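final_18.csv, holding CSV, C-alpha atoms and all ligand atoms:
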chain,number,residue,atom,x,y,z
U,28,MET,CA,-4.7,-24.1,-13.8
U,29,SER,CA,-1.3,-23.5,-15.4
U,30,MET,CA,-0.6,-20.3,-17.2
U,31,VAL,CA,2.1,-19.2,-19.6
U,32,ALA,CA,4.5,-16.5,-18.4
U,33,ALA,CA,4.1,-13.2,-20.2
U,34,ASN,CA,7.4,-11.7,-19.1
U,35,PRO,CA,10.6,-12.5,-17.3
U,36,ILE,CA,9.3,-11.8,-13.8
U,37,GLN,CA,6.3,-14.2,-14.4
U,38,GLU,CA,8.8,-16.8,-15.7
U,39,ARG,CA,10.8,-16.5,-12.5
U,40,ALA,CA,7.6,-16.6,-10.4
U,41,LEU,CA,6.6,-19.8,-12.1
U,42,SER,CA,10.1,-21.3,-11.4
U,43,ALA,CA,9.7,-20.3,-7.8
U,44,GLY,CA,6.4,-22.3,-7.6
U,45,ILE,CA,3.9,-19.4,-7.9
U,46,ASP,CA,0.5,-20.2,-9.5
U,47,LEU,CA,-0.1,-17.2,-11.8
U,48,SER,CA,-3.8,-18.0,-11.9
U,49,ARG,CA,-4.2,-17.4,-8.1
U,50,LEU,CA,-2.2,-14.2,-7.5
U,51,PRO,CA,-3.4,-11.8,-4.8
U,52,VAL,CA,-5.5,-9.1,-6.6
U,53,HIS,CA,-4.7,-6.3,-4.1
U,54,VAL,CA,-1.5,-6.2,-2.1
U,55,ALA,CA,-1.1,-3.7,0.7
U,56,VAL,CA,2.3,-2.9,2.2
U,57,ILE,CA,3.5,-1.4,5.5
U,58,MET,CA,7.0,-0.2,4.4
U,59,ASP,CA,8.7,-0.4,7.7
U,60,GLY,CA,12.4,-0.3,8.7
U,61,ASN,CA,13.8,2.7,6.6
U,62,GLY,CA,15.1,4.3,9.8
U,63,ARG,CA,16.6,1.1,11.2
U,64,TRP,CA,18.2,0.3,7.8
U,65,ALA,CA,19.8,3.8,7.7
U,66,GLU,CA,21.0,3.7,11.3
U,67,SER,CA,22.6,0.2,10.7
U,68,GLN,CA,24.6,1.8,7.9
U,69,GLY,CA,25.5,4.9,9.9
U,70,LEU,CA,23.3,7.1,7.7
U,71,ASN,CA,20.7,9.7,8.4
U,72,ARG,CA,17.1,8.4,8.7
U,73,LEU,CA,16.1,10.5,5.6
U,74,VAL,CA,18.6,8.5,3.5
U,75,GLY,CA,16.6,5.5,4.6
U,76,HIS,CA,13.4,7.0,3.3
U,77,THR,CA,15.1,7.9,0.0
U,78,GLU,CA,16.2,4.3,-0.4
U,79,GLY,CA,12.7,3.3,0.6
U,80,TYR,CA,11.4,5.3,-2.3
U,81,ARG,CA,13.8,3.5,-4.7
U,82,THR,CA,12.5,0.2,-3.4
U,83,LEU,CA,8.9,1.3,-3.8
U,84,SER,CA,9.4,2.2,-7.4
U,85,LYS,CA,10.9,-1.3,-8.1
U,86,VAL,CA,8.2,-3.1,-6.2
U,87,LEU,CA,5.5,-1.2,-8.1
U,88,ALA,CA,7.1,-2.2,-11.4
U,89,MET,CA,7.5,-5.9,-10.3
U,90,SER,CA,3.9,-6.0,-8.9
U,91,ALA,CA,2.5,-4.7,-12.2
U,92,ASP,CA,4.6,-7.2,-14.3
U,93,LEU,CA,3.7,-10.1,-12.0
U,94,GLY,CA,0.0,-9.3,-12.5
U,95,VAL,CA,-1.2,-7.7,-9.2
U,96,LYS,CA,-4.1,-5.3,-10.0
U,97,HIS,CA,-3.9,-3.0,-7.0
U,98,LEU,CA,-1.0,-2.0,-4.8
U,99,THR,CA,-1.6,0.1,-1.6
U,100,VAL,CA,1.4,1.4,0.4
U,101,TYR,CA,1.5,3.2,3.7
U,102,GLY,CA,3.6,6.3,2.8
U,103,PHE,CA,2.8,8.5,5.8
U,104,SER,CA,0.5,7.7,8.6
U,105,ALA,CA,-1.8,10.1,10.5
U,106,GLU,CA,0.5,9.4,13.5
U,107,ASN,CA,3.8,10.2,11.6
U,108,TRP,CA,3.3,13.9,12.3
U,109,ARG,CA,4.6,13.1,15.8
U,110,ARG,CA,8.1,12.5,14.4
U,111,PRO,CA,10.8,15.2,14.7
U,112,GLY,CA,10.1,18.2,12.5
U,113,ASP,CA,13.0,17.7,10.1
U,114,GLU,CA,12.0,14.1,9.4
U,115,VAL,CA,8.4,15.1,8.7
U,116,SER,CA,9.4,18.0,6.4
U,117,GLY,CA,12.1,15.7,4.8
U,118,LEU,CA,9.4,13.1,4.1
U,119,MET,CA,7.0,15.7,2.7
U,120,THR,CA,9.7,17.0,0.4
U,121,LEU,CA,10.6,13.5,-0.7
U,122,ILE,CA,7.0,12.6,-1.5
U,123,ALA,CA,6.4,15.8,-3.4
U,124,ASP,CA,9.7,15.4,-5.4
U,125,ALA,CA,8.9,11.7,-6.1
U,126,ALA,CA,5.4,12.6,-7.3
U,127,MET,CA,6.8,15.1,-9.8
U,128,ALA,CA,9.7,13.0,-10.8
U,129,GLU,CA,7.6,9.8,-11.4
U,130,LEU,CA,4.7,11.3,-13.4
U,131,GLN,CA,6.0,10.6,-16.8
U,132,ALA,CA,7.2,7.1,-16.0
U,133,LEU,CA,3.8,6.3,-14.4
U,134,GLN,CA,2.0,7.5,-17.5
U,135,GLU,CA,4.3,5.4,-19.8
U,136,SER,CA,3.6,2.4,-17.6
U,137,ASN,CA,-0.2,3.1,-17.7
U,138,VAL,CA,-0.3,3.2,-13.8
U,139,ARG,CA,-3.3,4.8,-12.2
U,140,VAL,CA,-2.5,6.6,-8.9
U,141,ARG,CA,-5.0,7.2,-6.1
U,142,ILE,CA,-4.3,9.1,-2.9
U,143,SER,CA,-5.9,7.7,0.3
U,144,GLY,CA,-6.1,9.7,3.5
U,145,ARG,CA,-7.1,13.1,4.8
U,146,VAL,CA,-5.6,14.8,1.8
U,147,GLU,CA,-6.8,18.3,2.7
U,148,GLU,CA,-4.5,18.2,5.8
U,149,ILE,CA,-1.3,17.5,3.8
U,150,PRO,CA,0.8,20.7,3.5
U,151,SER,CA,0.4,22.5,0.3
U,152,PRO,CA,3.3,21.7,-2.2
U,153,THR,CA,3.0,18.0,-1.4
U,154,ARG,CA,-0.8,18.0,-1.6
U,155,GLU,CA,-0.7,19.6,-5.0
U,156,ALA,CA,1.9,17.3,-6.4
U,157,LEU,CA,-0.1,14.3,-5.2
U,158,THR,CA,-3.5,15.5,-6.4
U,159,ALA,CA,-1.9,16.3,-9.8
U,160,LEU,CA,-0.6,12.7,-10.0
U,161,GLU,CA,-4.1,11.4,-9.2
U,162,THR,CA,-5.8,13.7,-11.8
U,163,GLU,CA,-3.3,13.1,-14.6
U,164,THR,CA,-3.2,9.3,-14.3
U,165,ALA,CA,-7.0,9.0,-13.8
U,166,SER,CA,-7.7,7.4,-17.2
U,167,ASN,CA,-4.8,4.9,-17.1
U,168,THR,CA,-5.9,1.3,-17.1
U,169,GLY,CA,-2.9,-0.6,-15.7
U,170,ILE,CA,-2.1,-1.4,-12.1
U,171,GLU,CA,-3.8,0.9,-9.6
U,172,PHE,CA,-1.2,2.4,-7.2
U,173,ILE,CA,-2.8,3.7,-4.0
U,174,LEU,CA,-0.7,5.9,-1.9
U,175,ALA,CA,-1.9,6.2,1.7
U,176,ILE,CA,-0.7,9.6,2.9
U,177,ASN,CA,-1.9,11.2,6.2
U,178,TYR,CA,-3.9,7.9,6.4
U,179,GLY,CA,-5.3,6.4,9.5
U,180,GLY,CA,-7.7,3.5,9.6
U,181,ARG,CA,-9.8,4.7,12.4
U,182,ALA,CA,-9.9,8.2,10.9
U,183,GLU,CA,-11.2,6.6,7.6
U,184,ILE,CA,-14.0,4.9,9.5
U,185,VAL,CA,-14.9,8.1,11.3
U,186,ASP,CA,-14.9,10.0,7.9
U,187,ALA,CA,-17.2,7.3,6.5
U,188,CYS,CA,-19.6,7.7,9.5
U,189,ARG,CA,-19.6,11.5,9.0
U,190,ALA,CA,-20.3,11.0,5.3
U,191,ALA,CA,-23.2,8.7,6.1
U,192,ILE,CA,-24.8,11.3,8.4
U,193,ALA,CA,-24.1,14.1,5.8
U,194,HIS,CA,-25.8,12.0,3.2
U,195,GLY,CA,-28.8,11.5,5.5
U,196,LEU,CA,-28.5,7.8,6.0
U,197,THR,CA,-30.7,6.4,8.8
U,198,PRO,CA,-29.6,3.6,11.3
U,199,ASP,CA,-31.3,1.1,9.1
U,200,ASP,CA,-29.3,2.2,6.1
U,201,ILE,CA,-26.0,1.5,7.9
U,202,SER,CA,-24.6,-1.9,6.9
U,203,GLU,CA,-21.2,-3.3,6.1
U,204,GLU,CA,-22.0,-2.8,2.4
U,205,SER,CA,-23.2,0.8,2.7
U,206,LEU,CA,-20.2,1.9,4.9
U,207,SER,CA,-17.8,0.2,2.5
U,208,THR,CA,-19.0,2.5,-0.2
U,209,LEU,CA,-18.1,5.5,2.0
U,210,MET,CA,-14.5,4.5,2.6
U,211,TYR,CA,-11.7,6.5,0.8
U,212,CYS,CA,-11.3,4.1,-2.2
U,213,PRO,CA,-14.7,2.3,-2.5
U,214,ALA,CA,-14.1,1.0,-6.0
U,215,VAL,CA,-11.0,-0.9,-5.0
U,216,PRO,CA,-11.5,-4.5,-3.8
U,217,ASP,CA,-10.3,-5.3,-0.3
U,218,PRO,CA,-6.6,-6.3,0.0
U,219,ASP,CA,-6.1,-10.0,0.1
U,220,LEU,CA,-2.4,-9.9,1.1
U,221,MET,CA,-0.9,-7.5,3.6
U,222,ILE,CA,2.9,-7.3,3.7
U,223,ARG,CA,4.8,-5.8,6.6
U,224,THR,CA,8.6,-5.4,6.6
U,225,ALA,CA,11.1,-5.1,9.4
U,226,GLY,CA,9.5,-7.7,11.6
U,227,GLU,CA,6.9,-5.9,13.6
U,228,MET,CA,3.7,-7.9,14.2
U,229,ARG,CA,1.3,-4.9,14.3
U,230,TRP,CA,-1.5,-3.5,12.1
U,231,SER,CA,-0.5,0.1,13.0
U,232,ASN,CA,-4.0,1.4,12.0
U,233,PHE,CA,-3.5,0.5,8.4
U,234,LEU,CA,-6.7,-0.5,6.3
U,235,ILE,CA,-8.3,-1.8,9.5
U,236,TRP,CA,-11.7,-1.9,7.7
U,237,GLU,CA,-10.6,-3.3,4.4
U,238,ALA,CA,-8.0,-5.8,5.5
U,239,ALA,CA,-10.3,-7.7,7.8
U,240,TYR,CA,-9.7,-10.9,5.9
U,241,ALA,CA,-6.3,-10.2,4.4
U,242,GLU,CA,-3.5,-12.8,4.8
U,243,LEU,CA,-0.7,-11.2,6.7
U,244,PHE,CA,3.0,-11.7,5.7
U,245,VAL,CA,5.7,-10.3,7.9
U,246,THR,CA,9.3,-10.4,6.9
U,247,GLN,CA,12.4,-9.4,8.9
U,248,THR,CA,13.8,-7.6,5.8
U,249,ASN,CA,13.9,-3.8,6.2
U,250,TRP,CA,12.0,-2.0,3.5
U,251,PRO,CA,15.1,-0.6,1.6
U,252,GLU,CA,16.3,-4.2,1.1
U,253,PHE,CA,12.9,-5.7,0.1
U,254,GLY,CA,13.2,-7.3,-3.3
U,255,GLU,CA,11.8,-9.8,-5.7
U,256,SER,CA,12.6,-12.9,-3.6
U,257,ASP,CA,10.7,-11.3,-0.6
U,258,LEU,CA,7.7,-10.6,-2.8
U,259,PHE,CA,7.7,-14.1,-4.2
U,260,GLU,CA,7.9,-15.5,-0.6
U,261,ALA,CA,4.9,-13.4,0.4
U,262,VAL,CA,2.9,-14.6,-2.6
U,263,LEU,CA,3.9,-18.3,-2.0
U,264,GLN,CA,2.8,-18.1,1.6
U,265,PHE,CA,-0.4,-16.5,0.5
U,266,GLN,CA,-1.1,-19.3,-1.9
U,267,ASN,CA,-0.2,-22.0,0.6
U,268,ARG,CA,-2.8,-20.8,3.1
U,269,THR,CA,-6.4,-21.9,2.9
U,270,ARG,CA,-8.6,-18.9,2.9
U,271,LYS,CA,-11.8,-19.7,4.8
U,272,PHE,CA,-13.4,-16.3,5.5
U,273,GLY,CA,-14.8,-17.7,8.7
U,274,GLY,CA,-16.3,-20.7,7.1
U,275,LEU,CA,-15.0,-24.3,6.9
U,276,THR,CA,-13.8,-24.5,3.3
U,277,GLU,CA,-12.0,-22.3,0.9
U,278,ALA,CA,-14.3,-19.6,-0.5
R,1,LIG,C1,8.7,3.5,7.9
R,1,LIG,O1,10.1,3.4,8.3
R,1,LIG,C2,8.5,4.3,6.7
R,1,LIG,C3,7.9,5.5,6.7
R,1,LIG,C4,7.3,6.1,7.8
R,1,LIG,C5,7.8,6.2,5.4
R,1,LIG,C6,7.7,5.4,4.2
R,1,LIG,C7,8.2,6.3,3.1
R,1,LIG,C8,8.9,5.9,2.0
R,1,LIG,C9,9.1,4.5,1.6
R,1,LIG,C10,9.5,6.9,1.2
R,1,LIG,C11,8.9,7.4,0.0
R,1,LIG,C12,7.4,7.4,-0.1
R,1,LIG,C13,6.8,7.8,-1.1
R,1,LIG,C14,5.3,7.7,-1.1
R,1,LIG,C15,7.4,8.5,-2.3
R,1,LIG,P1,10.5,3.9,9.7
R,1,LIG,O2,11.0,5.3,9.5
R,1,LIG,O3,9.3,3.8,10.6
R,1,LIG,O4,11.6,2.9,10.1
R,1,LIG,P2,12.1,2.5,11.5
R,1,LIG,O5,10.9,1.8,12.2
R,1,LIG,O6,13.2,1.5,11.3
R,1,LIG,O7,12.5,3.7,12.2

If you took the structure in this file and wrote it as structure tokens, what would it be?
Amino acid sequence: MSMVAANPIQERALSAGIDLSRLPVHVAVIMDGNGRWAESQGLNRLVGHTEGYRTLSKVLAMSADLGVKHLTVYGFSAENWRRPGDEVSGLMTLIADAAMAELQALQESNVRVRISGRVEEIPSPTREALTALETETASNTGIEFILAINYGGRAEIVDACRAAIAHGLTPDDISEESLSTLMYCPAVPDPDLMIRTAGEMRWSNFLIWEAAYAELFVTQTNWPEFGESDLFEAVLQFQNRTRKFGGLTEA
């Protein structure tokens, strides 16, 4: 099926060979390489994270224009607390500042924000900025932007099991479907494309339940330098693979 481009990015996507009728619905991103990018420029690692934030804001806008419906990014993993104190506090400050600075633009772009992770453990100013972003954008109807902060995939499965017990589910009630409804974002369809930057070939405990069937795209590009051509390349690879879901033909 061919589709008519609705905006300049869709026009460029068509020229690049992308089929606009078969876009990934939910894209998940492991934004890696901020530190390496900064070090390669002789800069402090936190400058890398600030540049990473700039990239994130561009990638959110381009994903929305392209027609992606859900974008999940790994902003801070449950393991990232092990980093040096100044990097952790720098990241927490950056996330809080970004949440406050972006609110108006997110509203104008009709973006709905969700936070995924053990939110209650995020230190106070950052937690409040994030929950405000979630509450104030809750009725927006455009792209859904899911920020995984203090997120761990195994922790999410543990939390779903705890919720199952708390809700009185019996062993017979436990199924893939019932557990799926107890994950952090049950209303969001599973990611169909997972992008990782900076070349590492690992899952790093990201969406290990939800991304069971996601297509994986790894680029050598460090996150601060990720741009439209990288996104197009990821979507093209996604479209050129046959998705079988364990069967023999495309589902
Ligand atoms: C990985 O790079 C990146 C992170 C741990 C943090 C991601 C954060 C941002 C993109 C900044 C802003 C985020 C929000 C939500 C506003 P790394 O430090 O592991 O890079 P390295 O592997 O090269 O050291």

Item to complete: Residues within 6 Å of ligand LIG 1 (chain R), counting all atoms listed in the file: report them as an MDAnalysis selection string.
Response: chainID U and resid 58:63 76:77 79:80 102:103 122 125

Practice prompt. Neighbourhood query: residues within 7 Å of (-7.1, 0.9, 8.7), file coordinates, counting all atoms listed in the file; return as an MDAnalysis selection string.
Written response: chainID U and resid 179:181 232:237

Write a file of the selected residues as a tab-separated table (two decimals), keeping the file's coordinate frame, keeping C-alpha atoms.
chain	number	residue	atom	x	y	z
U	179	GLY	CA	-5.30	6.40	9.50
U	180	GLY	CA	-7.70	3.50	9.60
U	181	ARG	CA	-9.80	4.70	12.40
U	232	ASN	CA	-4.00	1.40	12.00
U	233	PHE	CA	-3.50	0.50	8.40
U	234	LEU	CA	-6.70	-0.50	6.30
U	235	ILE	CA	-8.30	-1.80	9.50
U	236	TRP	CA	-11.70	-1.90	7.70
U	237	GLU	CA	-10.60	-3.30	4.40

Using only C-alpha atoms, tabulate the residues of segment 87-131 of chain U lying at most 12 Å from any atom of segment 160-164 of chain U, each with its closest atom pair and that distance in Å to one decimal, by chain and increasing residue number, as a tab-separated table.
residue	atom	partner	partner_atom	distance
U:Ile122	CA	U:Leu160	CA	11.4
U:Ala123	CA	U:Leu160	CA	10.1
U:Asp124	CA	U:Leu160	CA	11.6
U:Ala125	CA	U:Leu160	CA	10.3
U:Ala126	CA	U:Leu160	CA	6.6
U:Met127	CA	U:Leu160	CA	7.8
U:Ala128	CA	U:Leu160	CA	10.3
U:Glu129	CA	U:Leu160	CA	8.8
U:Leu130	CA	U:Leu160	CA	6.5
U:Gln131	CA	U:Thr164	CA	9.6

Worksheet, complete the sentence: Judged by only C-alpha atoms, the minimum distance to Leu118 of chain U among U:Ile192, U:Ala65, U:Val86, U:Ile176 is found for U:Ile176

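Coordinates place atom CA of Glu227 of chain U at a distance of 27.8 Å from atom CA of Glu148 of chain U.
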
Discussion item. Please compute the atom CA of Arg145 of chain U-atom CA of Leu206 of chain U distance, one decimal, in Å.
Written reply: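 Result for atom CA of Arg145 of chain U versus atom CA of Leu206 of chain U: 17.2 Å, one decimal.
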
Fill in: Exercise: Ser90 of chain U partners within 9 Å, all atoms listed in the file, chain neighbours under 5 positions left out, as a list of chain:residue names
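So the residues in contact are U:Val54, U:Lys85, U:Val95, U:Lys96, U:His97, U:Leu98, U:Ile170, U:Leu258.
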
Fill in: Nearest to Ala187 of chain U, chosen from U:Ser104, U:Ser67, U:Ser205, U:Thr153, with all atoms listed in the file counted in the distances
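Checking each candidate against Ala187 of chain U, we get U:Ser205 as the closest.
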